[in-house]
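**Q** Before we start, here is the structure in question, set down as structure tokens.
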Amino acid sequence: MIERTFVMIKPDGVKRSLVGEILSRFEKVGLKVIGMKMTWVDEDFAKKHYTEDITIRRGEKVRNNLVTFLKEGPVIAFVLEGIEAIEIVRKMVGETESKSAAPGTIRGDYSHVSFAHADKKDMAVKNLIHASANQEDAKNEIALWFSVEDLYQYKTLNESHTL
């Protein structure tokens, strides 16, 4: 099943110059970038991304720290398309808590911050990347970050081998 998913390289990933490395990993497995932009989000937009739903799941303090973190620098937002893209991207990104992410995943290879450390420092876990958790999140996040006109349809060489 061809799916679309939203991915964002967070301020720490941009500041550490990992954008090319991260993007190339997705392209190498055959996922297609159909929309991309660099932006520096403000407080209102950060709160739209990290909705009240995260407060219910993780608490107001976590949400506030995530909103603050998202405003620390520019981010790279993009939409990937491919076969079972959501599951593939989530697997490649790794666990949310960086120290628990397996080697070979983006977070496992480039980040190591624990929840306990972040809590002690009263900050968000700087884990480089955000990826939609499921189809509903992907749909909502893509619509928040991109207009229909921002997304492009084209064929890649990989598609000739998979479709």
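In the structure tokens, the first chain shown is A, the next is B, and so on; residue numbers restart at 1 for each chain, and ligands run from 1 in the order shown.
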Could you list, as a ChimeraX atom specification, every residue within 9 Å of Met36 of chain A, counting only C-alpha atoms and ignoring same-chain residues fewer than 5 positions away?

**A** /A:76-79,146,150-151

**Q** Return as a Markdown table the residues of segment 114-148 of chain A lying at most 12 Å from segment 17-22 of chain A, together with the closest atom-to-atom pair for each and the distance in Å to one decimal, counting only C-alpha atoms, with rows in chain order and ascending residue number.

**A**
| residue | atom | partner | partner_atom | distance |
| --- | --- | --- | --- | --- |
| A:Asn127 | CA | A:Leu18 | CA | 12.0 |
| A:Leu128 | CA | A:Leu18 | CA | 8.7 |
| A:Ile129 | CA | A:Ile22 | CA | 9.0 |
| A:His130 | CA | A:Ile22 | CA | 11.7 |

**Q** Out of chain A, which residues get strand (DSSP E or B) from DSSP, as a PyMOL selection string?

**A** chain A and resi 2-9+32-39+75-83+129-131

**Q** Which polymer residues have any atom within 10 Å of an atom of Lys48 of chain A, counting only C-alpha atoms, with same-chain residues fewer than 2 positions away left out, as a CSV table (one decimal) with C-alpha atoms, in the first residue's frame?

**A**
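Full text of selection-v3.csv as output:
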chain,number,residue,atom,x,y,z
A,43,GLU,CA,5.0,29.4,19.4
A,44,ASP,CA,1.5,29.2,17.9
A,45,PHE,CA,2.6,26.8,15.1
A,46,ALA,CA,4.6,24.7,17.5
A,50,TYR,CA,2.3,19.4,19.5
A,51,THR,CA,-1.5,19.4,20.1
A,52,GLU,CA,-3.3,19.2,23.5
A,67,VAL,CA,7.2,23.6,22.0
A,141,GLU,CA,0.5,16.7,10.2
A,144,LEU,CA,-0.8,21.3,8.9
A,145,TRP,CA,2.6,21.7,7.3

**Q** Among chain A, which ones does DSSP assign to alpha helix (DSSP H) (computed from the backbone)? Answer as a PyMOL selection string.

**A** chain A and resi 11-15+19-28+43-49+52-58+60-70+85-93+106-110+115-121+135-145+159-162

**Q** Save the residues we just selected, C-alpha atoms, as a PDB file, in the first residue's frame?

**A**
ATOM      1  CA  PRO A  11      16.489  21.958  15.386  1.00  0.00           C
ATOM      2  CA  ASP A  12      19.196  19.704  16.861  1.00  0.00           C
ATOM      3  CA  GLY A  13      19.419  17.673  13.645  1.00  0.00           C
ATOM      4  CA  VAL A  14      19.666  20.828  11.528  1.00  0.00           C
ATOM      5  CA  LYS A  15      22.258  22.433  13.825  1.00  0.00           C
ATOM      6  CA  VAL A  19      20.001  16.799   7.184  1.00  0.00           C
ATOM      7  CA  GLY A  20      21.710  15.203   4.189  1.00  0.00           C
ATOM      8  CA  GLU A  21      22.555  12.016   6.070  1.00  0.00           C
ATOM      9  CA  ILE A  22      18.999  11.609   7.315  1.00  0.00           C
ATOM     10  CA  LEU A  23      17.376  12.363   3.955  1.00  0.00           C
ATOM     11  CA  SER A  24      19.695   9.984   2.131  1.00  0.00           C
ATOM     12  CA  ARG A  25      18.707   7.118   4.412  1.00  0.00           C
ATOM     13  CA  PHE A  26      15.074   7.490   3.404  1.00  0.00           C
ATOM     14  CA  GLU A  27      15.885   7.831  -0.270  1.00  0.00           C
ATOM     15  CA  LYS A  28      18.174   4.785  -0.215  1.00  0.00           C
ATOM     16  CA  GLU A  43       4.986  29.399  19.378  1.00  0.00           C
ATOM     17  CA  ASP A  44       1.502  29.201  17.857  1.00  0.00           C
ATOM     18  CA  PHE A  45       2.586  26.822  15.104  1.00  0.00           C
ATOM     19  CA  ALA A  46       4.605  24.670  17.513  1.00  0.00           C
ATOM     20  CA  LYS A  47       1.471  24.302  19.662  1.00  0.00           C
ATOM     21  CA  LYS A  48      -0.526  23.268  16.602  1.00  0.00           C
ATOM     22  CA  HIS A  49       2.049  20.574  15.886  1.00  0.00           C
ATOM     23  CA  GLU A  52      -3.270  19.167  23.460  1.00  0.00           C
ATOM     24  CA  ASP A  53      -3.412  15.418  22.809  1.00  0.00           C
ATOM     25  CA  ILE A  54       0.249  15.138  23.809  1.00  0.00           C
ATOM     26  CA  THR A  55      -0.625  16.784  27.137  1.00  0.00           C
ATOM     27  CA  ILE A  56      -3.064  13.970  27.842  1.00  0.00           C
ATOM     28  CA  ARG A  57      -0.451  11.316  26.980  1.00  0.00           C
ATOM     29  CA  ARG A  58       2.702  12.887  28.394  1.00  0.00           C
ATOM     30  CA  GLU A  60       1.773  19.675  30.139  1.00  0.00           C
ATOM     31  CA  LYS A  61       5.441  19.998  31.122  1.00  0.00           C
ATOM     32  CA  VAL A  62       6.515  17.671  28.301  1.00  0.00           C
ATOM     33  CA  ARG A  63       4.391  19.571  25.791  1.00  0.00           C
ATOM     34  CA  ASN A  64       5.809  22.912  26.913  1.00  0.00           C
ATOM     35  CA  ASN A  65       9.361  21.595  26.625  1.00  0.00           C
ATOM     36  CA  LEU A  66       8.670  20.234  23.135  1.00  0.00           C
ATOM     37  CA  VAL A  67       7.170  23.560  22.023  1.00  0.00           C
ATOM     38  CA  THR A  68      10.191  25.440  23.391  1.00  0.00           C
ATOM     39  CA  PHE A  69      12.589  23.018  21.700  1.00  0.00           C
ATOM     40  CA  LEU A  70      10.844  23.267  18.333  1.00  0.00           C
ATOM     41  CA  ALA A  85       5.938   4.435   4.359  1.00  0.00           C
ATOM     42  CA  ILE A  86       4.669   5.103   7.895  1.00  0.00           C
ATOM     43  CA  GLU A  87       5.882   1.798   9.332  1.00  0.00           C
ATOM     44  CA  ILE A  88       9.168   1.907   7.408  1.00  0.00           C
ATOM     45  CA  VAL A  89       9.960   5.451   8.554  1.00  0.00           C
ATOM     46  CA  ARG A  90       9.079   4.694  12.183  1.00  0.00           C
ATOM     47  CA  LYS A  91      11.392   1.676  12.124  1.00  0.00           C
ATOM     48  CA  MET A  92      14.221   3.717  10.590  1.00  0.00           C
ATOM     49  CA  VAL A  93      13.793   6.583  13.064  1.00  0.00           C
ATOM     50  CA  ILE A 106      18.641   7.418  13.083  1.00  0.00           C
ATOM     51  CA  ARG A 107      18.191   8.069  16.792  1.00  0.00           C
ATOM     52  CA  GLY A 108      20.295   5.050  17.735  1.00  0.00           C
ATOM     53  CA  ASP A 109      23.199   6.213  15.589  1.00  0.00           C
ATOM     54  CA  TYR A 110      23.157   9.948  16.298  1.00  0.00           C
ATOM     55  CA  PHE A 115      14.036  10.770  29.438  1.00  0.00           C
ATOM     56  CA  ALA A 116      15.631  10.967  32.908  1.00  0.00           C
ATOM     57  CA  HIS A 117      18.357  13.333  31.712  1.00  0.00           C
ATOM     58  CA  ALA A 118      15.853  15.533  29.890  1.00  0.00           C
ATOM     59  CA  ASP A 119      13.611  15.645  32.964  1.00  0.00           C
ATOM     60  CA  LYS A 120      16.561  16.546  35.190  1.00  0.00           C
ATOM     61  CA  LYS A 121      17.503  19.391  32.832  1.00  0.00           C
ATOM     62  CA  GLN A 135      -2.138   7.189   9.274  1.00  0.00           C
ATOM     63  CA  GLU A 136      -4.310   9.664  11.159  1.00  0.00           C
ATOM     64  CA  ASP A 137      -1.292  11.588  12.485  1.00  0.00           C
ATOM     65  CA  ALA A 138       0.296  11.560   9.018  1.00  0.00           C
ATOM     66  CA  LYS A 139      -2.844  12.993   7.437  1.00  0.00           C
ATOM     67  CA  ASN A 140      -3.165  15.727  10.085  1.00  0.00           C
ATOM     68  CA  GLU A 141       0.521  16.655  10.154  1.00  0.00           C
ATOM     69  CA  ILE A 142       0.836  16.783   6.365  1.00  0.00           C
ATOM     70  CA  ALA A 143      -2.220  19.065   6.200  1.00  0.00           C
ATOM     71  CA  LEU A 144      -0.786  21.314   8.936  1.00  0.00           C
ATOM     72  CA  TRP A 145       2.626  21.730   7.335  1.00  0.00           C
ATOM     73  CA  GLU A 159       9.221   2.764  -8.468  1.00  0.00           C
ATOM     74  CA  SER A 160       9.961   0.836 -11.642  1.00  0.00           C
ATOM     75  CA  HIS A 161      11.256  -1.965  -9.399  1.00  0.00           C
ATOM     76  CA  THR A 162       8.500  -1.909  -6.769  1.00  0.00           C
TER      77      THR A 162
END

**Q** Would you please work out which residue, of A:Ile34, A:Ala124, A:Val148, A:Leu157, is nearest to Glu3 of chain A when using only C-alpha atoms?

**A**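 Closest candidate: A:Ile34.
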
**Q** Rounded to one decimal place, report the atom CA of Leu31 of chain A-atom CA of Lys71 of chain A distance in Å.

**A**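 One can read the atom CA of Leu31 of chain A to atom CA of Lys71 of chain A distance as 27.8 Å.
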
**Q** Using only C-alpha atoms for the distances, tell me which of A:Glu81, A:Glu72, A:Met8, A:Tyr154 is nearest to Val33 of chain A.

**A**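 Checking each of A:Glu81, A:Glu72, A:Met8, A:Tyr154 against Val33 of chain A, counting only C-alpha atoms, the winner is A:Glu81.
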
**Q** Name the closest residue to Glu149 of chain A among the candidates A:Gly35, A:Val29, A:Thr105, A:Gly73; distances are taken between atoms, counting only C-alpha atoms.

**A**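 Answer, going by the shortest atom-to-atom distance: A:Gly35.
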